[in-house]
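my_file-v5.txt (compact mmCIF, C-alpha atoms) appears below.
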```
# COMPACT_ATOMS: atom_id res chain seq x y z
CA MET A 1 20.58 4.34 -20.12
CA ARG A 2 17.70 6.64 -19.20
CA LYS A 3 14.06 6.05 -19.99
CA ASP A 4 11.39 8.39 -18.61
CA ASP A 5 13.42 9.24 -15.51
CA LEU A 6 14.22 5.55 -14.92
CA TYR A 7 18.00 5.04 -14.93
CA ILE A 8 19.14 1.57 -15.97
CA THR A 9 22.60 0.09 -15.49
CA VAL A 10 23.39 -2.34 -18.30
CA PRO A 11 25.80 -5.20 -17.47
CA SER A 12 28.89 -4.78 -19.67
CA PHE A 13 28.81 -8.33 -21.05
CA PHE A 14 25.26 -7.69 -22.37
CA ARG A 15 26.68 -5.05 -24.75
CA CYS A 16 28.01 -5.83 -28.21
CA PRO A 17 31.75 -4.92 -28.41
CA ILE A 18 31.10 -3.31 -31.81
CA SER A 19 27.85 -1.34 -31.40
CA LEU A 20 27.96 -1.07 -27.57
CA ASP A 21 24.19 -1.69 -27.56
CA VAL A 22 22.42 -4.50 -25.70
CA MET A 23 22.67 -7.59 -27.91
CA LYS A 24 19.46 -8.86 -29.49
CA SER A 25 20.92 -12.02 -31.02
CA PRO A 26 24.28 -12.85 -29.39
CA VAL A 27 26.60 -15.12 -31.40
CA SER A 28 30.16 -16.26 -30.72
CA LEU A 29 33.16 -16.46 -33.04
CA CYS A 30 35.76 -19.22 -32.90
CA THR A 31 37.85 -16.89 -30.69
CA GLY A 32 35.20 -17.16 -27.96
CA VAL A 33 34.16 -13.49 -28.16
CA THR A 34 30.41 -12.81 -28.42
CA TYR A 35 28.87 -10.12 -30.65
CA ASP A 36 25.40 -9.08 -31.76
CA ARG A 37 24.68 -11.02 -34.97
CA SER A 38 23.87 -7.96 -37.12
CA SER A 39 27.06 -6.12 -36.05
CA ILE A 40 29.52 -8.97 -36.61
CA GLN A 41 27.82 -9.96 -39.86
CA ARG A 42 28.41 -6.45 -41.23
CA TRP A 43 32.05 -6.67 -40.14
CA LEU A 44 32.56 -9.97 -41.94
CA ASP A 45 30.60 -8.86 -45.03
CA SER A 46 32.99 -5.90 -45.30
CA GLY A 47 35.80 -8.37 -46.08
CA ASN A 48 37.37 -8.58 -42.64
CA ASN A 49 38.76 -11.96 -41.55
CA THR A 50 39.79 -11.07 -37.99
CA CYS A 51 38.06 -10.92 -34.60
CA PRO A 52 37.32 -7.20 -33.92
CA ALA A 53 38.09 -7.50 -30.21
CA THR A 54 41.29 -9.59 -30.35
CA MET A 55 42.36 -8.99 -33.99
CA GLN A 56 43.11 -12.71 -34.27
CA VAL A 57 42.79 -14.24 -37.74
CA LEU A 58 39.62 -16.32 -37.89
CA GLN A 59 40.10 -20.01 -38.74
CA THR A 60 36.37 -20.16 -39.52
CA LYS A 61 33.67 -17.53 -39.94
CA ASP A 62 30.92 -19.69 -38.42
CA LEU A 63 28.65 -17.85 -35.97
CA VAL A 64 27.52 -19.96 -32.99
CA PRO A 65 24.38 -18.72 -31.16
CA ASN A 66 25.07 -18.01 -27.47
CA HIS A 67 21.74 -19.23 -26.04
CA THR A 68 22.83 -18.93 -22.40
CA LEU A 69 23.67 -15.25 -22.77
CA GLN A 70 20.47 -14.64 -24.70
CA ARG A 71 18.40 -16.13 -21.86
CA LEU A 72 20.22 -13.95 -19.32
CA ILE A 73 19.56 -10.84 -21.39
CA GLN A 74 15.88 -11.78 -21.69
CA ILE A 75 15.53 -12.24 -17.93
CA TRP A 76 17.23 -8.90 -17.33
CA SER A 77 15.04 -7.16 -19.93
CA ASP A 78 11.84 -8.54 -18.37
CA SER A 79 12.99 -7.34 -14.96
CA VAL A 80 13.66 -3.81 -16.28
CA ARG A 81 10.31 -3.75 -18.06
CA ASN A 82 8.44 -4.79 -14.90
CA GLN A 83 10.31 -2.19 -12.87
CA HIS A 84 9.35 0.50 -15.34
CA SER A 85 5.69 -0.63 -15.33
CA ALA A 86 5.63 -0.53 -11.53
CA THR A 87 7.11 2.97 -11.56
CA GLU A 88 4.50 4.18 -14.04
CA SER A 89 1.73 2.55 -12.00
CA ASN A 90 2.94 4.27 -8.84
CA ARG A 91 2.96 7.59 -10.66
CA VAL A 92 -0.63 7.11 -11.75
CA ASN A 93 -1.85 5.97 -8.31
CA SER A 94 0.22 8.35 -6.21
CA VAL A 95 -1.53 11.36 -4.74
CA SER A 96 -0.38 14.45 -2.87
CA PRO A 97 -1.26 15.22 0.77
CA ASP A 98 -3.80 17.82 -0.36
CA GLN A 99 -5.39 15.25 -2.64
CA VAL A 100 -5.56 12.80 0.25
CA ARG A 101 -7.44 15.33 2.31
CA GLU A 102 -9.82 15.97 -0.59
CA LEU A 103 -10.26 12.24 -1.27
CA ILE A 104 -11.21 11.59 2.34
CA LYS A 105 -13.59 14.54 2.32
CA GLN A 106 -15.30 13.31 -0.85
CA PHE A 107 -15.30 9.76 0.48
CA VAL A 108 -17.15 10.83 3.64
CA ASN A 109 -19.62 13.09 1.81
CA ASP A 110 -20.43 10.55 -0.89
CA PHE A 111 -21.01 7.77 1.60
CA LYS A 112 -23.44 9.93 3.56
CA VAL A 113 -25.41 10.48 0.35
CA HIS A 114 -25.22 7.04 -1.28
CA THR A 115 -24.58 4.80 1.76
CA GLU A 116 -22.88 2.44 -0.69
CA LEU A 117 -19.14 2.01 -0.82
CA GLU A 118 -18.82 0.68 -4.38
CA VAL A 119 -19.01 4.21 -5.79
CA ASN A 120 -15.88 5.06 -3.82
CA SER A 121 -13.77 2.07 -4.77
CA ASP A 122 -11.37 4.12 -6.94
CA ARG A 123 -10.84 6.68 -4.20
CA LEU A 124 -10.34 3.93 -1.67
CA SER A 125 -7.79 2.21 -3.93
CA LYS A 126 -5.83 5.47 -4.25
CA LEU A 127 -5.88 5.97 -0.49
CA LEU A 128 -4.70 2.40 0.10
CA ALA A 129 -1.90 2.78 -2.44
CA PHE A 130 -0.83 6.09 -0.90
CA SER A 131 -0.92 4.67 2.65
CA GLY A 132 1.19 1.71 1.65
CA GLU A 133 4.02 3.79 0.16
CA SER A 134 5.57 4.83 3.47
CA ALA A 135 5.06 5.16 7.20
CA GLU A 136 4.78 8.94 6.74
CA ASN A 137 1.91 8.52 4.30
CA LEU A 138 0.19 6.14 6.68
CA ARG A 139 0.48 8.64 9.52
CA LEU A 140 -0.89 11.36 7.25
CA VAL A 141 -3.97 9.33 6.28
CA ALA A 142 -4.53 8.34 9.90
CA SER A 143 -4.26 11.94 11.14
CA ILE A 144 -6.61 13.25 8.45
CA ALA A 145 -9.07 10.40 8.98
CA ALA A 146 -9.06 11.11 12.71
CA GLU A 147 -10.53 14.55 11.95
CA SER A 148 -13.53 13.04 10.17
CA ASP A 149 -15.94 10.12 10.26
CA PHE A 150 -13.73 8.14 7.88
CA LEU A 151 -12.96 5.21 10.20
CA ALA A 152 -16.51 5.14 11.50
CA ILE A 153 -17.78 4.83 7.91
CA LEU A 154 -15.41 1.97 7.14
CA THR A 155 -16.56 0.23 10.30
CA SER A 156 -20.21 0.90 9.45
CA PHE A 157 -19.77 -0.75 6.08
CA LEU A 158 -18.17 -3.79 7.68
CA VAL A 159 -21.06 -4.02 10.14
CA HIS A 160 -23.81 -3.76 7.54
CA ASN A 161 -22.15 -5.48 4.56
CA PRO A 162 -20.08 -8.34 5.98
CA LYS A 163 -20.69 -10.57 2.94
CA ASN A 164 -19.50 -8.06 0.34
CA LEU A 165 -16.02 -9.59 0.39
CA LYS A 166 -14.82 -7.80 -2.74
CA VAL A 167 -15.14 -4.40 -1.07
CA VAL A 168 -14.27 -5.70 2.41
CA GLU A 169 -10.91 -6.87 1.04
CA LYS A 170 -10.17 -3.28 0.00
CA ILE A 171 -11.30 -1.83 3.30
CA VAL A 172 -9.61 -4.09 5.84
CA PRO A 173 -5.94 -3.13 5.19
CA LEU A 174 -6.66 0.59 5.69
CA TRP A 175 -9.09 -0.16 8.53
CA LYS A 176 -6.35 -2.15 10.26
CA MET A 177 -3.79 0.62 9.66
CA LEU A 178 -6.06 3.19 11.26
CA LEU A 179 -6.76 0.92 14.23
CA GLU A 180 -3.02 0.52 14.78
CA ARG A 181 -2.63 4.30 14.77
CA GLY A 182 -4.76 4.68 17.88
CA SER A 183 -8.27 4.96 16.49
CA LEU A 184 -9.60 1.79 18.12
CA SER A 185 -12.06 3.72 20.30
CA LYS A 186 -13.90 4.96 17.18
CA ILE A 187 -15.11 1.58 15.92
CA GLY A 188 -17.80 1.30 18.57
CA LYS A 189 -18.81 -2.09 19.97
CA THR A 190 -16.46 -4.74 18.60
CA ASN A 191 -19.20 -7.36 18.72
CA ASP A 192 -21.03 -5.38 16.03
CA VAL A 193 -18.07 -6.00 13.72
CA TYR A 194 -17.89 -9.69 14.61
CA PRO A 195 -20.03 -10.93 11.65
CA ALA A 196 -17.65 -9.18 9.23
CA ILE A 197 -14.63 -10.63 11.03
CA ILE A 198 -15.92 -14.19 11.04
CA THR A 199 -17.16 -14.00 7.41
CA ALA A 200 -13.80 -12.71 6.21
CA LEU A 201 -11.95 -15.42 8.14
CA LYS A 202 -14.19 -18.19 6.82
CA HIS A 203 -14.82 -17.16 3.23
CA GLY A 204 -12.26 -14.49 2.30
CA SER A 205 -9.17 -14.85 0.14
CA SER A 206 -5.84 -15.73 1.74
CA LYS A 207 -4.91 -12.05 1.67
CA LEU A 208 -8.14 -10.99 3.39
CA LYS A 209 -7.82 -13.73 6.01
CA MET A 210 -4.30 -12.55 6.79
CA GLU A 211 -5.26 -8.86 7.07
CA MET A 212 -8.35 -9.56 9.17
CA THR A 213 -6.46 -11.91 11.49
CA LYS A 214 -3.79 -9.23 11.99
CA ALA A 215 -6.51 -6.70 12.79
CA LEU A 216 -8.10 -9.14 15.23
CA GLU A 217 -4.74 -9.80 16.86
CA PHE A 218 -4.22 -6.07 17.35
CA ILE A 219 -7.72 -5.59 18.83
CA THR A 220 -7.42 -8.49 21.28
CA SER A 221 -3.89 -7.58 22.38
CA THR A 222 -4.55 -3.88 23.04
CA ASP A 223 -8.15 -3.63 24.24
CA SER A 224 -9.12 -5.83 27.18
CA GLU A 225 -12.80 -4.94 26.87
CA ALA A 226 -12.85 -5.86 23.18
CA LYS A 227 -10.98 -9.08 23.92
CA SER A 228 -13.49 -10.02 26.60
CA SER A 229 -16.40 -9.27 24.28
CA LEU A 230 -15.05 -11.13 21.26
CA SER A 231 -13.94 -14.12 23.31
CA GLU A 232 -17.57 -14.96 24.08
CA ASN A 233 -18.05 -16.04 20.45
CA SER A 234 -17.18 -19.76 20.51
CA GLU A 235 -17.06 -20.00 16.70
CA LEU A 236 -14.06 -17.68 16.65
CA TYR A 237 -11.80 -20.31 18.24
CA SER A 238 -12.59 -23.04 15.72
CA VAL A 239 -12.17 -20.65 12.77
CA LEU A 240 -8.77 -19.43 13.99
CA LEU A 241 -7.70 -23.01 14.70
CA SER A 242 -8.64 -24.01 11.15
CA PHE A 243 -5.58 -22.06 9.95
CA SER A 244 -3.42 -24.57 11.87
CA THR A 245 -4.84 -27.57 10.00
CA ILE A 246 -2.07 -29.10 7.91
CA ASN A 247 -3.36 -29.54 4.36
CA SER A 248 -2.68 -28.23 0.84
CA ASP A 249 -4.06 -24.79 1.83
CA TRP A 250 -1.83 -24.43 4.91
CA ILE A 251 -0.04 -21.06 5.10
CA PRO A 252 2.60 -20.87 7.86
CA GLU A 253 2.41 -17.06 8.05
CA LEU A 254 -1.37 -17.16 8.52
CA MET A 255 -1.06 -19.85 11.18
CA GLU A 256 1.51 -17.76 13.05
CA VAL A 257 -0.76 -14.70 13.15
CA SER A 258 -3.78 -16.79 14.18
CA VAL A 259 -1.81 -18.51 16.96
CA SER A 260 -0.73 -15.07 18.21
CA CYS A 261 -4.38 -14.10 18.31
CA LEU A 262 -5.29 -17.30 20.20
CA ILE A 263 -2.50 -16.60 22.71
CA SER A 264 -3.98 -13.16 23.30
CA LEU A 265 -7.42 -14.68 23.88
CA ALA A 266 -5.96 -17.39 26.13
CA MET A 267 -4.52 -14.75 28.45
CA LEU A 268 -8.02 -14.74 29.92
CA ARG A 269 -8.11 -17.96 31.96
CA ARG A 270 -11.74 -18.74 31.16
CA ASN A 271 -10.94 -18.84 27.46
CA ARG A 272 -8.49 -21.71 27.84
CA VAL A 273 -11.28 -24.21 28.41
CA LYS A 274 -13.03 -22.87 25.29
CA LEU A 275 -9.86 -23.45 23.33
CA VAL A 276 -9.68 -27.03 24.57
CA LYS A 277 -13.30 -27.66 23.61
CA ALA A 278 -12.60 -26.24 20.14
CA GLY A 279 -9.90 -28.90 19.65
CA ALA A 280 -6.80 -26.76 20.11
CA VAL A 281 -4.62 -29.54 21.54
CA LYS A 282 -5.36 -31.97 18.72
CA THR A 283 -5.06 -29.41 15.91
CA VAL A 284 -2.02 -27.50 17.12
CA GLY A 285 -0.38 -30.66 18.46
CA LYS A 286 -0.63 -32.36 15.08
CA ALA A 287 0.90 -29.31 13.39
CA LEU A 288 3.75 -29.34 15.91
CA SER A 289 4.51 -33.00 15.26
CA THR A 290 4.10 -33.10 11.47
CA ALA A 291 4.70 -29.64 9.93
CA GLU A 292 7.98 -27.89 9.14
CA MET A 293 7.66 -24.72 11.20
CA GLY A 294 10.01 -21.81 11.68
CA THR A 295 11.38 -20.67 15.02
CA GLY A 296 8.81 -17.91 15.54
CA LEU A 297 5.82 -20.15 14.85
CA THR A 298 7.20 -22.99 17.00
CA ASP A 299 7.74 -20.59 19.91
CA LYS A 300 4.15 -19.39 19.67
CA VAL A 301 2.64 -22.87 19.35
CA LEU A 302 4.48 -24.00 22.48
CA ARG A 303 3.43 -20.83 24.29
CA LEU A 304 -0.22 -21.56 23.43
CA LEU A 305 0.08 -25.16 24.64
CA GLU A 306 1.75 -23.89 27.82
CA LEU A 307 -1.26 -21.67 28.54
CA ILE A 308 -3.61 -24.57 27.81
CA SER A 309 -1.66 -26.82 30.19
CA THR A 310 -2.51 -24.52 33.10
CA CYS A 311 -6.16 -25.69 33.16
CA LYS A 312 -7.31 -29.18 34.14
CA GLU A 313 -9.16 -29.77 30.87
CA GLY A 314 -6.07 -28.81 28.91
CA ARG A 315 -3.82 -31.15 30.87
CA ILE A 316 -6.22 -34.05 30.33
CA GLU A 317 -6.25 -33.46 26.55
CA LEU A 318 -2.47 -33.18 26.42
CA CYS A 319 -2.01 -36.39 28.40
CA ASN A 320 -4.40 -38.16 26.02
CA ASP A 321 -2.30 -37.07 23.04
CA GLY A 322 0.97 -38.97 23.28
CA ASP A 323 2.16 -37.75 19.88
CA CYS A 324 1.77 -34.14 21.00
CA VAL A 325 3.75 -34.76 24.20
CA GLN A 326 6.52 -36.49 22.25
CA ALA A 327 6.63 -33.57 19.79
CA ILE A 328 7.00 -31.18 22.72
CA VAL A 329 9.94 -33.19 24.07
CA LYS A 330 11.65 -33.07 20.67
CA LYS A 331 11.56 -29.26 20.68
CA VAL A 332 13.60 -29.03 23.88
CA LEU A 333 17.07 -27.62 23.07
CA LYS A 334 16.23 -27.79 19.35
CA VAL A 335 14.55 -24.49 18.45
CA SER A 336 15.28 -21.58 20.79
CA ASN A 337 15.65 -20.77 24.49
CA GLU A 338 12.09 -19.49 24.49
CA ALA A 339 10.76 -22.70 22.93
CA THR A 340 12.73 -24.81 25.43
CA GLU A 341 11.29 -22.86 28.35
CA HIS A 342 7.72 -23.29 27.10
CA ALA A 343 8.25 -26.99 26.41
CA VAL A 344 9.79 -27.72 29.82
CA THR A 345 7.00 -25.82 31.56
CA ILE A 346 4.40 -27.99 29.80
CA LEU A 347 6.22 -31.22 30.65
CA TRP A 348 6.66 -30.11 34.26
CA SER A 349 2.94 -29.32 34.49
CA LEU A 350 1.94 -32.74 33.13
CA CYS A 351 4.55 -34.96 34.79
CA CYS A 352 5.21 -33.20 38.11
CA LEU A 353 2.15 -31.14 38.88
CA PHE A 354 -0.49 -33.40 37.34
CA ARG A 355 1.55 -36.61 37.89
CA ASP A 356 0.05 -38.25 34.84
CA HIS A 357 1.61 -41.64 34.03
CA ARG A 358 0.63 -41.46 30.33
CA ALA A 359 2.52 -38.20 29.91
CA GLN A 360 5.50 -39.66 31.79
CA GLU A 361 5.51 -42.68 29.48
CA SER A 362 5.38 -40.45 26.40
CA VAL A 363 8.33 -38.43 27.69
CA ALA A 364 10.29 -41.62 28.38
CA LYS A 365 9.53 -43.03 24.91
CA SER A 366 10.91 -39.90 23.25
CA ASN A 367 14.23 -40.07 25.14
CA GLY A 368 13.11 -37.32 27.48
CA MET A 369 15.49 -38.32 30.27
CA ALA A 370 18.52 -37.62 28.06
CA LYS A 371 17.07 -34.21 27.11
CA ILE A 372 16.54 -33.36 30.78
CA LEU A 373 20.10 -34.31 31.69
CA LEU A 374 21.46 -32.20 28.81
CA LEU A 375 19.25 -29.33 29.92
CA LEU A 376 20.68 -29.44 33.45
CA GLN A 377 24.16 -29.08 31.96
CA SER A 378 23.17 -26.17 29.71
CA ASN A 379 23.11 -22.45 30.40
CA CYS A 380 19.36 -22.35 31.02
CA SER A 381 17.46 -20.02 33.34
CA PRO A 382 17.12 -20.86 37.07
CA ALA A 383 13.39 -21.51 36.63
CA VAL A 384 13.95 -23.99 33.78
CA ARG A 385 16.78 -25.65 35.71
CA GLN A 386 14.51 -26.17 38.73
CA MET A 387 11.72 -27.66 36.60
CA ALA A 388 14.23 -29.95 34.89
CA ALA A 389 15.50 -31.09 38.31
CA ASP A 390 11.91 -31.82 39.40
CA LEU A 391 11.33 -33.84 36.24
CA LEU A 392 14.52 -35.80 36.82
CA LYS A 393 13.38 -36.69 40.34
CA VAL A 394 10.05 -37.96 39.02
CA PHE A 395 11.70 -40.22 36.47
CA ARG A 396 14.28 -41.48 38.95
CA VAL A 397 11.53 -42.39 41.42
CA ASN A 398 9.61 -44.15 38.67
CA SER A 399 12.76 -45.95 37.56
CA LYS A 400 13.43 -47.18 41.13
CA ALA A 401 9.81 -48.30 41.49
CA VAL A 402 9.99 -50.29 38.27
CA SER A 403 13.32 -51.77 39.37
CA CYS A 404 11.89 -52.82 42.75
CA LEU A 405 8.85 -54.42 41.12
CA SER A 406 11.09 -56.26 38.71
CA THR A 407 13.35 -57.55 41.53
CA SER A 408 10.34 -58.63 43.59
CA TYR A 409 8.87 -60.48 40.65
CA ASP A 410 12.18 -62.23 39.88
CA THR A 411 12.54 -63.30 43.56
CA LYS A 412 9.06 -64.76 43.66
CA THR A 413 9.63 -66.54 40.39
CA THR A 414 12.89 -68.00 41.69
CA HIS A 415 11.09 -69.62 44.64
CA ILE A 416 8.70 -71.55 42.44
CA MET A 417 11.14 -72.50 39.73
CA PRO A 418 12.20 -76.21 39.99
CA PHE A 419 15.92 -76.95 40.11
```

As a first step, turn the structure in this file into structure tokens.
Amino acid sequence: MRKDDLYITVPSFFRCPISLDVMKSPVSLCTGVTYDRSSIQRWLDSGNNTCPATMQVLQTKDLVPNHTLQRLIQIWSDSVRNQHSATESNRVNSVSPDQVRELIKQFVNDFKVHTELEVNSDRLSKLLAFSGESAENLRLVASIAAESDFLAILTSFLVHNPKNLKVVEKIVPLWKMLLERGSLSKIGKTNDVYPAIITALKHGSSKLKMEMTKALEFITSTDSEAKSSLSENSELYSVLLSFSTINSDWIPELMEVSVSCLISLAMLRRNRVKLVKAGAVKTVGKALSTAEMGTGLTDKVLRLLELISTCKEGRIELCNDGDCVQAIVKKVLKVSNEATEHAVTILWSLCCLFRDHRAQESVAKSNGMAKILLLLQSNCSPAVRQMAADLLKVFRVNSKAVSCLSTSYDTKTTHIMPF
């Protein structure tokens, strides 16, 4: 079948054996063969008393509706219709390279005159659609935009209209694409864009939050000066951590991107204390112990907690949160080699370096000794093996101390017990 350059393959069992067309009302004869109702009815009305496909004599001419097949045909038809609609939509929205160049030129000129982006929303939509079609299109838009003030205008709008979320949602995907193509130096001072970033993260749709967080992750992971500047805004930490709160609005993909961003910020040692003050241990720790997280997200959460455990304030918070420590123990040898390494590093920091008895008790309660012994027998890295050996020594010493205290107490008790 061909319809407006869209070729469709029709499953053979959707076709009527008589007309060879897709069945509109499939019915079955007593022989078990299904036909379109109109076709088989004509056959029977012509005086035939056999099944057209098998030529068997029919014991009964009753037609039984085949509802299962009809539902399958309906699902298939809807899928074809949606595919055709998408194709037509792409045709309408698609533009040629020359049109892209002209659109960007008009976009820049109109903005200089009107200083309002609403008038350019259609052009912007076309550019976004074109950029999203392929990596080649994205490179084309980025290269053309690099020759003009296009990115600077997008950034200017974000700076001066941070609360216009309807337009901001259209801008951010293309803005992020252009940043990723090496145009970061053209956005000026990143702190000027901060109000737009924080407004989008707090009040934007899920889609806008995701796109803006990805843009923020890119900025903080590639530009040390921008990272340093943005990290001074304490509100940023609490907003990013809000995506790790487990509730009905929780989106694992958004949490993973936000945790990546927090890891980037935490690479600066001074920011780790800010993360602790923003409640990172409690929020992320609760997510680790209660949420169903994939391997990638678990790896990143443990990496963030590992960075936090390198500062005194972070270690204190972790030791105060027994549930978090127990959740960390449970991830050892359960998720990935990377997750195990992060988890063991945290436990080593708390139990060996910090020598905190609360953390040691939490590890013991969660069967940590057995995990450590299994780890020593596994094919882990030399660094992890050494940390596991250190942890084992700590727990053996504690076990001997407890045993000695117990023996001493029993001896003293024996002396005063009457016979």

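Surrounding residues of (-14.5, -25.4, 22.8) at most 10 Å away are Ser234, Glu235, Leu236, Tyr237, Ser238, Asn271, Arg272, Val273, Lys274, Leu275, Val276, Lys277, Ala278, Gly279 and Ala280 of chain A (based on only C-alpha atoms).
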
>> Using only C-alpha atoms - which residues lie no farther than 7 Å from the point (9.8, -26.6, 33.7) in the file's frame? Write them as a ChimeraX atom specification.
In response: /A:341,344-348,383-384,386-388

> If we count only C-alpha atoms, what is near range 349-366 of chain A at a cut-off of 7 Å, once residues fewer than 4 positions away on the same chain are taken out, given as JSON, numbers by chain?
Replying inline: {"A": [309, 315, 319, 322, 325, 326, 329, 345, 390, 391, 394]}

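When only C-alpha atoms are used to compute distances to Arg139 in chain A, the closest of the residues A:Lys163, A:Lys61, A:Arg42, A:Arg181 turns out to be A:Arg181.
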
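The residue that comes closest to Val172 in chain A, out of A:Leu20, A:Met210, A:Leu138, A:Val281 and on the basis of all atoms listed in the file, is A:Met210.
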
>> Restricting the calculation to only C-alpha atoms: of A:Glu225, A:Glu180, A:Asp192, A:Asp36, which residue gets closest to Lys24 in chain A?
In response: A:Asp36
